[in-house]
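Q: Sharing input.cif here; it has mmCIF, C-alpha atoms.
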data_work
loop_
_atom_site.label_atom_id
_atom_site.label_comp_id
_atom_site.auth_asym_id
_atom_site.auth_seq_id
_atom_site.Cartn_x
_atom_site.Cartn_y
_atom_site.Cartn_z
CA MET P 1 36.50 121.34 78.08
CA VAL P 2 35.59 119.56 81.32
CA ASN P 3 38.62 120.75 83.22
CA THR P 4 37.37 124.29 83.72
CA ASP P 5 39.61 125.79 86.33
CA ASN P 6 38.20 129.23 85.76
CA ALA P 7 40.34 131.02 88.34
CA ARG P 8 43.62 129.65 86.98
CA HIS P 9 42.54 130.39 83.44
CA SER P 10 41.60 133.91 84.42
CA GLU P 11 45.00 134.50 86.01
CA LYS P 12 46.85 133.10 82.97
CA MET P 13 44.88 135.29 80.57
CA ALA P 14 45.40 138.37 82.76
CA LYS P 15 49.16 137.76 82.62
CA LYS P 16 49.05 137.38 78.83
CA LYS P 17 47.07 140.57 78.49
CA ALA P 18 49.47 142.50 80.75
CA ALA P 19 52.46 141.27 78.73
CA ARG P 20 50.76 142.22 75.50
CA ASP P 21 49.73 145.68 76.71
CA LYS P 22 53.28 146.33 77.91
CA ILE P 23 54.71 145.48 74.49
CA LEU P 24 52.11 147.60 72.70
CA ALA P 25 52.95 150.62 74.87
CA THR P 26 56.52 150.64 73.53
CA LYS P 27 55.31 150.83 69.92
CA THR P 28 54.91 154.47 69.12
CA GLU P 29 56.35 155.10 65.67
CA GLU P 30 54.10 155.34 62.63
CA LYS P 31 55.56 155.03 59.18
CA GLY P 32 54.93 153.55 55.79
CA LEU P 33 56.11 149.98 55.76
CA LEU P 34 57.93 148.02 53.12
CA ILE P 35 56.20 144.65 53.23
CA VAL P 36 57.33 141.48 51.47
CA HIS P 37 55.15 138.40 50.93
CA THR P 38 57.28 135.53 49.70
CA GLY P 39 57.54 131.74 49.91
CA LYS P 40 56.22 128.77 47.97
CA GLY P 41 52.83 128.65 49.68
CA LYS P 42 49.57 130.31 48.74
CA GLY P 43 48.45 133.72 49.92
CA LYS P 44 51.25 136.06 48.85
CA SER P 45 49.13 138.13 46.46
CA THR P 46 45.86 137.24 48.12
CA ALA P 47 46.95 138.69 51.46
CA ALA P 48 47.95 141.86 49.59
CA TRP P 49 44.43 142.07 48.12
CA GLY P 50 43.04 141.69 51.63
CA MET P 51 45.21 144.61 52.79
CA ALA P 52 44.09 146.64 49.77
CA MET P 53 40.51 145.92 50.76
CA ARG P 54 41.18 147.27 54.24
CA MET P 55 42.62 150.44 52.79
CA ILE P 56 39.56 150.82 50.55
CA GLY P 57 37.39 150.39 53.64
CA HIS P 58 39.34 153.19 55.30
CA GLY P 59 38.62 155.44 52.30
CA LYS P 60 42.24 155.39 51.10
CA LYS P 61 43.72 155.00 47.64
CA VAL P 62 45.60 151.89 46.51
CA GLY P 63 47.78 151.42 43.44
CA ILE P 64 48.54 147.99 41.99
CA VAL P 65 51.18 147.14 39.42
CA GLN P 66 51.06 143.67 37.96
CA PHE P 67 54.52 142.44 36.96
CA VAL P 68 53.41 139.00 35.75
CA LYS P 69 50.55 138.62 33.34
CA GLY P 70 48.01 135.99 34.24
CA ALA P 71 49.16 135.91 37.87
CA TRP P 72 45.70 137.00 38.81
CA GLU P 73 42.40 136.83 37.19
CA THR P 74 38.95 138.25 36.97
CA GLY P 75 37.70 137.72 40.53
CA GLU P 76 39.70 140.32 42.42
CA ARG P 77 39.84 142.65 39.46
CA ASP P 78 36.03 142.76 39.25
CA VAL P 79 35.82 143.82 42.87
CA PHE P 80 38.60 146.41 42.62
CA GLU P 81 36.88 147.89 39.56
CA ARG P 82 33.88 148.72 41.72
CA PHE P 83 36.09 151.27 43.49
CA PRO P 84 37.43 153.24 40.52
CA ASP P 85 38.14 156.33 42.63
CA GLN P 86 40.23 154.36 45.08
CA VAL P 87 42.00 151.64 43.12
CA THR P 88 44.29 151.99 40.11
CA ILE P 89 45.56 148.85 38.44
CA LYS P 90 48.41 148.86 35.96
CA ALA P 91 48.76 145.58 34.11
CA MET P 92 51.91 145.99 32.10
CA GLY P 93 51.23 144.91 28.53
CA GLU P 94 52.09 141.27 28.19
CA GLY P 95 54.28 141.44 31.23
CA PHE P 96 56.25 138.38 32.05
CA THR P 97 54.52 135.05 31.67
CA TRP P 98 55.52 131.41 31.31
CA GLU P 99 54.00 131.62 27.84
CA THR P 100 56.68 134.10 26.77
CA GLN P 101 60.03 132.78 25.69
CA ASP P 102 61.52 136.10 24.78
CA ARG P 103 63.82 137.57 27.40
CA GLU P 104 64.18 140.94 25.71
CA ARG P 105 60.44 141.46 25.64
CA ASP P 106 60.22 140.42 29.31
CA VAL P 107 62.95 142.86 30.30
CA ALA P 108 61.17 145.68 28.47
CA ALA P 109 57.83 144.81 30.10
CA ALA P 110 59.42 144.68 33.56
CA ALA P 111 61.08 148.07 32.98
CA ALA P 112 57.73 149.56 31.93
CA ALA P 113 56.05 148.09 35.02
CA TRP P 114 58.75 149.51 37.29
CA ALA P 115 58.40 152.94 35.65
CA ALA P 116 54.63 152.83 36.35
CA ALA P 117 55.34 151.72 39.93
CA LYS P 118 57.73 154.63 40.48
CA ASP P 119 55.07 157.07 39.28
CA MET P 120 52.57 155.62 41.73
CA ILE P 121 55.10 155.67 44.56
CA ALA P 122 55.84 159.33 43.89
CA ASP P 123 52.14 160.23 43.81
CA GLU P 124 51.30 161.16 47.39
CA SER P 125 47.59 160.46 46.96
CA TYR P 126 48.23 156.72 47.40
CA SER P 127 48.33 155.10 50.83
CA MET P 128 49.42 151.70 49.54
CA VAL P 129 51.17 150.47 46.41
CA ILE P 130 51.25 146.76 45.62
CA LEU P 131 54.04 145.49 43.36
CA ASP P 132 52.51 142.17 42.48
CA GLU P 133 55.05 139.47 41.56
CA ILE P 134 57.91 141.96 41.36
CA ASN P 135 60.02 139.29 43.09
CA ILE P 136 59.81 137.19 39.92
CA ALA P 137 61.09 140.07 37.81
CA LEU P 138 63.95 140.59 40.27
CA ARG P 139 64.70 136.88 40.41
CA TYR P 140 65.19 136.72 36.64
CA GLU P 141 67.16 139.98 36.77
CA TYR P 142 64.66 141.69 34.50
CA LEU P 143 64.98 144.53 36.98
CA ASP P 144 68.07 145.66 38.84
CA ILE P 145 67.71 145.11 42.58
CA ALA P 146 69.78 148.21 43.42
CA ASP P 147 67.50 150.41 41.27
CA VAL P 148 64.41 148.98 42.91
CA ILE P 149 65.73 149.44 46.45
CA GLU P 150 66.75 152.99 45.64
CA GLY P 151 63.29 153.73 44.25
CA LEU P 152 61.57 152.22 47.27
CA GLY P 153 63.81 154.25 49.57
CA GLU P 154 62.46 157.44 48.02
CA ARG P 155 58.83 156.67 48.82
CA PRO P 156 56.73 159.14 50.83
CA PRO P 157 57.17 158.43 54.55
CA MET P 158 53.61 157.18 55.14
CA LEU P 159 53.24 155.05 52.02
CA HIS P 160 53.00 151.28 52.50
CA VAL P 161 54.50 149.22 49.69
CA ILE P 162 53.90 145.48 49.33
CA ALA P 163 56.19 143.39 47.12
CA THR P 164 54.96 139.87 46.37
CA GLY P 165 56.32 136.75 44.75
CA ARG P 166 58.49 133.72 45.45
CA ASN P 167 62.19 133.93 46.01
CA ALA P 168 62.32 137.47 47.36
CA HIS P 169 65.81 138.92 46.90
CA ASP P 170 67.92 138.93 50.08
CA ASP P 171 68.67 142.63 49.65
CA LEU P 172 64.94 143.40 49.53
CA ILE P 173 64.34 141.35 52.69
CA GLU P 174 67.20 143.24 54.32
CA VAL P 175 65.56 146.65 53.78
CA ALA P 176 61.96 145.48 54.38
CA ASP P 177 60.04 146.18 57.59
CA LEU P 178 57.67 143.24 57.52
CA VAL P 179 58.46 139.97 55.77
CA THR P 180 56.23 136.92 55.69
CA ASP P 181 57.13 133.64 54.06
CA MET P 182 54.03 131.77 52.97
CA THR P 183 55.23 128.24 53.54
CA LEU P 184 53.63 125.39 51.67
CA VAL P 185 52.56 122.71 54.12
CA LYS P 186 50.10 120.82 51.94
CA HIS P 187 48.77 121.50 48.46
CA PRO P 188 45.82 119.88 46.68
CA PHE P 189 47.77 119.72 43.37
CA ARG P 190 49.66 116.88 45.03
CA SER P 191 46.45 114.86 45.15
CA GLY P 192 45.17 115.50 41.61
CA ILE P 193 42.82 118.40 42.29
CA LYS P 194 42.78 121.16 39.71
CA ALA P 195 42.89 124.94 40.16
CA GLN P 196 39.49 126.22 41.18
CA GLN P 197 37.50 129.43 41.05
CA GLY P 198 37.92 131.50 44.20
CA VAL P 199 40.91 129.53 45.40
CA GLU P 200 43.41 129.78 42.58
CA PHE P 201 41.78 132.51 40.54
CA MET H 1 70.45 142.35 32.44
CA VAL H 2 73.38 142.68 30.04
CA ASN H 3 73.91 138.96 29.60
CA THR H 4 70.92 138.42 27.35
CA ASP H 5 71.33 135.01 25.85
CA ASN H 6 67.89 135.04 24.34
CA ALA H 7 68.00 131.61 22.70
CA ARG H 8 69.05 129.85 25.92
CA HIS H 9 66.48 131.77 27.91
CA SER H 10 63.81 130.84 25.41
CA GLU H 11 64.69 127.15 25.64
CA LYS H 12 64.71 127.22 29.45
CA MET H 13 61.33 128.92 29.62
CA ALA H 14 59.85 126.52 27.05
CA LYS H 15 60.97 123.60 29.24
CA LYS H 16 59.43 125.20 32.33
CA LYS H 17 56.18 125.79 30.49
CA ALA H 18 56.08 122.20 29.18
CA ALA H 19 56.67 120.83 32.70
CA ARG H 20 53.97 123.09 34.12
CA ASP H 21 51.44 122.19 31.40
CA LYS H 22 52.10 118.50 31.97
CA ILE H 23 51.42 118.82 35.69
CA LEU H 24 48.28 120.87 35.10
CA ALA H 25 46.90 118.24 32.69
CA THR H 26 46.90 115.64 35.50
CA LYS H 27 44.75 117.86 37.71
CA THR H 28 41.18 117.08 36.84
CA GLU H 29 39.21 116.85 40.06
CA GLU H 30 37.11 119.76 41.30
CA LYS H 31 35.94 119.82 44.87
CA GLY H 32 35.43 122.10 47.79
CA LEU H 33 38.69 122.47 49.66
CA LEU H 34 39.39 122.59 53.35
CA ILE H 35 42.02 125.30 53.59
CA VAL H 36 44.07 126.16 56.68
CA HIS H 37 46.04 129.40 57.14
CA THR H 38 48.25 129.10 60.18
CA GLY H 39 51.66 130.25 61.47
CA LYS H 40 53.00 133.19 63.43
CA GLY H 41 53.31 135.52 60.43
CA LYS H 42 50.88 138.02 59.02
CA GLY H 43 48.35 137.27 56.33
CA LYS H 44 46.34 134.36 57.71
CA SER H 45 43.03 136.23 57.85
CA THR H 46 44.03 138.78 55.24
CA ALA H 47 44.59 136.11 52.60
CA ALA H 48 41.17 134.71 53.48
CA TRP H 49 39.64 138.18 52.84
CA GLY H 50 41.44 138.26 49.50
CA MET H 51 39.90 134.89 48.60
CA ALA H 52 36.49 136.14 49.75
CA MET H 53 36.95 139.13 47.46
CA ARG H 54 37.63 136.82 44.54
CA MET H 55 34.45 134.89 45.28
CA ILE H 56 32.51 138.17 45.44
CA GLY H 57 34.00 139.09 42.06
CA HIS H 58 32.76 135.77 40.69
CA GLY H 59 29.24 136.59 41.95
CA LYS H 60 29.33 133.92 44.69
CA LYS H 61 28.25 134.03 48.32
CA VAL H 62 30.68 134.01 51.24
CA GLY H 63 29.97 133.39 54.92
CA ILE H 64 32.32 134.56 57.65
CA VAL H 65 32.25 133.54 61.30
CA GLN H 66 34.49 135.50 63.59
CA PHE H 67 35.67 133.36 66.54
CA VAL H 68 37.82 136.05 68.17
CA LYS H 69 36.46 139.49 68.82
CA GLY H 70 38.69 142.34 67.78
CA ALA H 71 40.75 140.10 65.51
CA TRP H 72 39.68 142.32 62.67
CA GLU H 73 38.45 145.79 62.42
CA THR H 74 36.50 148.27 60.43
CA GLY H 75 38.46 148.30 57.15
CA GLU H 76 37.54 144.94 55.70
CA ARG H 77 34.12 144.98 57.30
CA ASP H 78 33.25 148.26 55.58
CA VAL H 79 34.07 146.75 52.21
CA PHE H 80 32.22 143.48 52.87
CA GLU H 81 29.16 145.46 53.94
CA ARG H 82 28.96 146.96 50.46
CA PHE H 83 28.05 143.47 49.22
CA PRO H 84 25.14 142.62 51.54
CA ASP H 85 23.65 140.09 49.11
CA GLN H 86 26.91 138.18 48.87
CA VAL H 87 28.59 138.38 52.27
CA THR H 88 27.23 137.35 55.66
CA ILE H 89 29.34 138.05 58.72
CA LYS H 90 28.62 136.47 62.07
CA ALA H 91 30.57 138.08 64.88
CA MET H 92 29.82 135.94 67.88
CA GLY H 93 28.87 138.20 70.78
CA GLU H 94 31.96 138.98 72.78
CA GLY H 95 33.76 135.98 71.37
CA PHE H 96 37.13 135.18 72.80
CA THR H 97 39.47 138.07 73.45
CA TRP H 98 42.56 138.72 75.50
CA GLU H 99 40.40 141.15 77.42
CA THR H 100 38.21 138.30 78.69
CA GLN H 101 39.43 136.34 81.64
CA ASP H 102 36.42 134.11 81.90
CA ARG H 103 36.83 130.67 80.42
CA GLU H 104 33.21 129.66 80.76
CA ARG H 105 32.05 132.67 78.79
CA ASP H 106 34.67 131.99 76.12
CA VAL H 107 33.57 128.37 75.80
CA ALA H 108 29.94 129.45 75.40
CA ALA H 109 30.89 132.07 72.79
CA ALA H 110 32.96 129.53 70.84
CA ALA H 111 30.09 127.02 70.92
CA ALA H 112 27.70 129.68 69.60
CA ALA H 113 30.16 130.60 66.84
CA TRP H 114 30.55 126.95 65.84
CA ALA H 115 26.75 126.51 65.76
CA ALA H 116 26.52 129.52 63.42
CA ALA H 117 29.34 128.07 61.30
CA LYS H 118 27.55 124.73 60.99
CA ASP H 119 24.40 126.51 59.79
CA MET H 120 26.40 128.33 57.12
CA ILE H 121 28.18 125.14 56.08
CA ALA H 122 24.85 123.35 55.69
CA ASP H 123 23.39 126.22 53.63
CA GLU H 124 24.19 125.31 50.04
CA SER H 125 23.92 128.90 48.83
CA TYR H 126 27.46 129.62 50.09
CA SER H 127 30.52 128.93 47.96
CA MET H 128 33.00 129.75 50.74
CA VAL H 129 32.82 129.82 54.52
CA ILE H 130 35.62 131.44 56.52
CA LEU H 131 36.09 130.33 60.12
CA ASP H 132 38.23 133.21 61.24
CA GLU H 133 40.54 132.41 64.17
CA ILE H 134 38.83 129.09 64.85
CA ASN H 135 42.32 127.68 65.44
CA ILE H 136 42.54 129.78 68.61
CA ALA H 137 39.27 128.34 69.90
CA LEU H 138 40.54 124.82 69.15
CA ARG H 139 43.91 125.54 70.71
CA TYR H 140 42.32 126.53 74.01
CA GLU H 141 39.95 123.56 73.71
CA TYR H 142 36.95 125.86 73.69
CA LEU H 143 35.76 123.60 70.88
CA ASP H 144 36.26 119.89 70.52
CA ILE H 145 38.47 119.06 67.54
CA ALA H 146 36.60 115.83 66.77
CA ASP H 147 33.27 117.71 66.63
CA VAL H 148 34.74 120.32 64.30
CA ILE H 149 36.30 117.75 61.97
CA GLU H 150 33.05 115.81 61.86
CA GLY H 151 31.12 119.00 61.00
CA LEU H 152 33.61 119.96 58.29
CA GLY H 153 33.38 116.46 56.83
CA GLU H 154 29.66 116.95 56.27
CA ARG H 155 30.08 120.06 54.13
CA PRO H 156 28.56 120.22 50.63
CA PRO H 157 31.07 118.78 48.12
CA MET H 158 31.80 122.09 46.37
CA LEU H 159 32.03 124.32 49.46
CA HIS H 160 35.44 125.79 50.28
CA VAL H 161 36.09 126.28 53.99
CA ILE H 162 39.00 128.34 55.30
CA ALA H 163 40.11 127.96 58.92
CA THR H 164 42.52 130.62 60.15
CA GLY H 165 44.65 131.22 63.22
CA ARG H 166 47.96 130.27 64.77
CA ASN H 167 48.73 126.81 66.05
CA ALA H 168 46.37 124.88 63.79
CA HIS H 169 45.54 121.52 65.35
CA ASP H 170 47.46 118.57 63.85
CA ASP H 171 44.22 116.68 63.25
CA LEU H 172 42.84 119.62 61.26
CA ILE H 173 46.02 119.79 59.15
CA GLU H 174 45.71 116.05 58.58
CA VAL H 175 42.23 116.37 57.03
CA ALA H 176 42.89 119.67 55.19
CA ASP H 177 43.52 119.91 51.45
CA LEU H 178 45.58 123.08 51.40
CA VAL H 179 47.66 124.27 54.34
CA THR H 180 49.83 127.36 54.39
CA ASP H 181 52.00 128.39 57.30
CA MET H 182 52.49 132.15 57.31
CA THR H 183 56.01 132.26 58.68
CA LEU H 184 57.24 135.38 60.40
CA VAL H 185 60.55 136.44 58.88
CA LYS H 186 60.65 140.04 60.10
CA HIS H 187 58.14 142.14 61.99
CA PRO H 188 58.12 145.92 62.52
CA PHE H 189 57.02 145.50 66.17
CA ARG H 190 60.60 144.40 66.77
CA SER H 191 61.79 147.85 65.81
CA GLY H 192 59.30 149.92 67.79
CA ILE H 193 56.74 150.61 65.10
CA LYS H 194 53.11 150.53 66.17
CA ALA H 195 50.13 148.83 64.52
CA GLN H 196 48.92 150.87 61.60
CA GLN H 197 45.78 151.39 59.59
CA GLY H 198 45.62 149.14 56.54
CA VAL H 199 48.42 146.91 57.75
CA GLU H 200 47.27 145.67 61.11
CA PHE H 201 43.64 146.77 60.97
#
As structure tokens, what does this structure read like?
A:
Amino acid sequence: MVNTDNARHSEKMAKKKAARDKILATKTEEKGLLIVHTGKGKGKSTAAWGMAMRMIGHGKKVGIVQFVKGAWETGERDVFERFPDQVTIKAMGEGFTWETQDRERDVAAAAAAWAAAKDMIADESYSMVILDEINIALRYEYLDIADVIEGLGERPPMLHVIATGRNAHDDLIEVADLVTDMTLVKHPFRSGIKAQQGVEF
Amino acid sequence: MVNTDNARHSEKMAKKKAARDKILATKTEEKGLLIVHTGKGKGKSTAAWGMAMRMIGHGKKVGIVQFVKGAWETGERDVFERFPDQVTIKAMGEGFTWETQDRERDVAAAAAAWAAAKDMIADESYSMVILDEINIALRYEYLDIADVIEGLGERPPMLHVIATGRNAHDDLIEVADLVTDMTLVKHPFRSGIKAQQGVEF
């Protein structure tokens, strides 16, 4: 903080800005993105809720399909429910959960969730569709990856789709536009701290 | 999907559930967490907005200090402003921006932002305080890391603090409870697609 060489700093920042502006100028295409949030760290679904919130702020409509029951709780749902004209949430029956030990029921729930997702994707009134924890359903082969990729390929050109969950399928990553791996660096579970309101749910 | 060995699946899932329940039972401590979202990928701030939304849903108060001007835009702000009793946003004057090439002004803006953050942290009515892009201010040494760590150490025991931004300082990671590195796997900028409403802003 003491070493304030303001002129050098100014020059360095001007160069950074010029480089950044140059890159931005080459970016001209607008299209709906296929976004994947994966990895073992926190923030895969939460970042999707943050993006949904932005869309709501822009006056747009967001659809959410929940592939895993209990993956998210009352906090975000309560807020989304204050925007009934802009947010539609489909929680698919029991969905898949660790509590279930019945593969056939899980497969049926995943198929129902995917059918609901396809309806939302085809409905041009949505600007964003979030397929929450679909990666889990793909991982356990409750859904067929080829079917899902085909369905996503048929989305309206300006629709953004976000697929969340650990262990994203390589084929999904291959066709995605924007992929972020939330990497676990440090987790409080390791030091005996329990899940807490606002952080975990 | 054809190979449905339901009994084996059931046994496998029961084992997973038992292991998970056993781990959860050891987690008994509740405390305010120091959370860091860093990395080159997307979702550092966005996941923080998602967590803020959860807190809002739970009826709690959230404070946000914006250390970098222009780091976030109208979408999320419009939604937060619908909860004026629960969300306080402090955008610190010009703050730091790539547009600025004046180190002294940036240092002063960062100091003002940190002073506002300390006031929020000391105010026990907040359940969560988000220090958005503070990692940038620390990276450029606009703020002193020791001062920041000392201030964070004095937070009320149940307050969650989230520090976002690339290049989180090692000392901050050391004292944090939960650290996630948002790792860039694939970015649409690489294929000539420009920043878009709801995704980038």
Q: Between H:Ala112, H:Ala122, H:Ile35, H:Ala176, which one has atoms that come closest to H:Thr164, using all atoms listed in the file?
A: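 The answer is H:Ile35, which sits nearest to H:Thr164.
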Q: Could you work out how far atom CA of H:Lys44 lies from atom CA of H:Glu30, giving the answer in Å with one decimal?
A: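 Interatomic distance, atom CA of H:Glu30 to atom CA of H:Lys44: 23.8 Å.
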Q: Go ahead and compute the interatomic distance for atom CA of H:Asn135 and atom CA of H:Ala48, in Å to one decimal.
A: 13.9 Å
Q: May I have the residues within 9 Å of P:Val65 as number ranges by chain, using all atoms listed in the file and disregarding those fewer than 4 positions away in the same chain?
A: P: 88-92, 113-114, 116-117, 120, 129-134
Q: Give the centre and edge lengths of an axis-aligned box, in Å to one decimal, that holds all listed atoms of stretch 137-141 of chain P with 4 Å on each side, as JSON.
A:
{"center_x": 64.1, "center_y": 138.7, "center_z": 38.5, "size_x": 14.1, "size_y": 11.9, "size_z": 11.8}
Q: For P:Gly75, which residue out of P:Ala168, P:Lys12, P:Ala19, P:Trp49 is the nearest one, using all atoms listed in the file?
A: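 Closest to P:Gly75, using all atoms listed in the file: P:Trp49.
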Q: As an mmCIF file with C-alpha atoms, in the coordinates of the input, please: the residues near P:Pro84 (cut-off 12 Å, only C-alpha atoms, same-chain neighbours under 6 positions excluded).
A:
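File part-v5.cif, as written:
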data_model
loop_
_atom_site.group_PDB
_atom_site.id
_atom_site.type_symbol
_atom_site.label_atom_id
_atom_site.label_comp_id
_atom_site.auth_asym_id
_atom_site.auth_seq_id
_atom_site.Cartn_x
_atom_site.Cartn_y
_atom_site.Cartn_z
ATOM 1 C CA ILE P 56 39.560 150.820 50.550
ATOM 2 C CA LYS P 60 42.240 155.390 51.100
ATOM 3 C CA LYS P 61 43.720 155.000 47.640
ATOM 4 C CA VAL P 62 45.600 151.890 46.510
ATOM 5 C CA GLY P 63 47.780 151.420 43.440
ATOM 6 C CA ARG P 77 39.840 142.650 39.460
ATOM 7 C CA ASP P 78 36.030 142.760 39.250
#
Q: Would you work out the distance separating atom CA of P:Asp181 from atom CA of P:Gln66, expressed in Å to one decimal?
A: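 Interatomic distance here is 19.9 Å.
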Q: Taking into account all atoms listed in the file, which residue in the set P:His169, P:Lys22, P:Arg54, P:Lys31 is nearest to chain H?
A: P:Arg54
Q: Please evaluate the PyMOL selection byres ((chain P and resi 151) around 12) against the displayed coordinates and give the resulting residues as a tab-separated table (two decimals) with C-alpha atoms, in the coordinates of the input.
A:
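Output (expr.tsv):
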chain	number	residue	atom	x	y	z
P	34	LEU	CA	57.93	148.02	53.12
P	114	TRP	CA	58.75	149.51	37.29
P	115	ALA	CA	58.40	152.94	35.65
P	116	ALA	CA	54.63	152.83	36.35
P	117	ALA	CA	55.34	151.72	39.93
P	118	LYS	CA	57.73	154.63	40.48
P	119	ASP	CA	55.07	157.07	39.28
P	120	MET	CA	52.57	155.62	41.73
P	121	ILE	CA	55.10	155.67	44.56
P	122	ALA	CA	55.84	159.33	43.89
P	143	LEU	CA	64.98	144.53	36.98
P	144	ASP	CA	68.07	145.66	38.84
P	145	ILE	CA	67.71	145.11	42.58
P	146	ALA	CA	69.78	148.21	43.42
P	147	ASP	CA	67.50	150.41	41.27
P	148	VAL	CA	64.41	148.98	42.91
P	149	ILE	CA	65.73	149.44	46.45
P	150	GLU	CA	66.75	152.99	45.64
P	152	LEU	CA	61.57	152.22	47.27
P	153	GLY	CA	63.81	154.25	49.57
P	154	GLU	CA	62.46	157.44	48.02
P	155	ARG	CA	58.83	156.67	48.82
P	156	PRO	CA	56.73	159.14	50.83
P	161	VAL	CA	54.50	149.22	49.69
P	172	LEU	CA	64.94	143.40	49.53
Q: Which is closer to H:Phe67 than all the others in H:Leu178, H:Leu138, H:Met158, H:Leu33, using only C-alpha atoms?
A: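 Ranked by minimum distance to H:Phe67, first place goes to H:Leu138.
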Q: For H:Met128, which residue out of H:Lys69, H:Arg166, H:Arg82, H:His58 is the nearest one, using all atoms listed in the file?
A: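 Closest residue, counting all atoms listed in the file: H:His58.
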Q: Pick the closest to chain H from P:Leu159, P:Val87, P:Met53, P:Ala137: which is it, counting all atoms listed in the file?
A: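 Among the listed residues, P:Met53 lies closest to chain H.
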Q: When you look at H:Thr180 with a cut-off of 8 Å (counting only C-alpha atoms), what residues show up, excluding the ones that are within fewer than 6 positions of it in the same chain? I need them as a compact mmCIF listing (two decimals) with C-alpha atoms, keeping the file's coordinate frame.
A:
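Wrote it out as part.txt, contents follow:
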# COMPACT_ATOMS: atom_id res chain seq x y z
CA GLY P 41 52.83 128.65 49.68
CA LYS P 42 49.57 130.31 48.74
CA GLY P 43 48.45 133.72 49.92
CA MET P 182 54.03 131.77 52.97
CA THR P 183 55.23 128.24 53.54
CA LEU P 184 53.63 125.39 51.67
CA VAL P 185 52.56 122.71 54.12
CA LYS P 186 50.10 120.82 51.94
CA VAL H 36 44.07 126.16 56.68
CA HIS H 37 46.04 129.40 57.14
CA THR H 38 48.25 129.10 60.18
CA GLY H 39 51.66 130.25 61.47
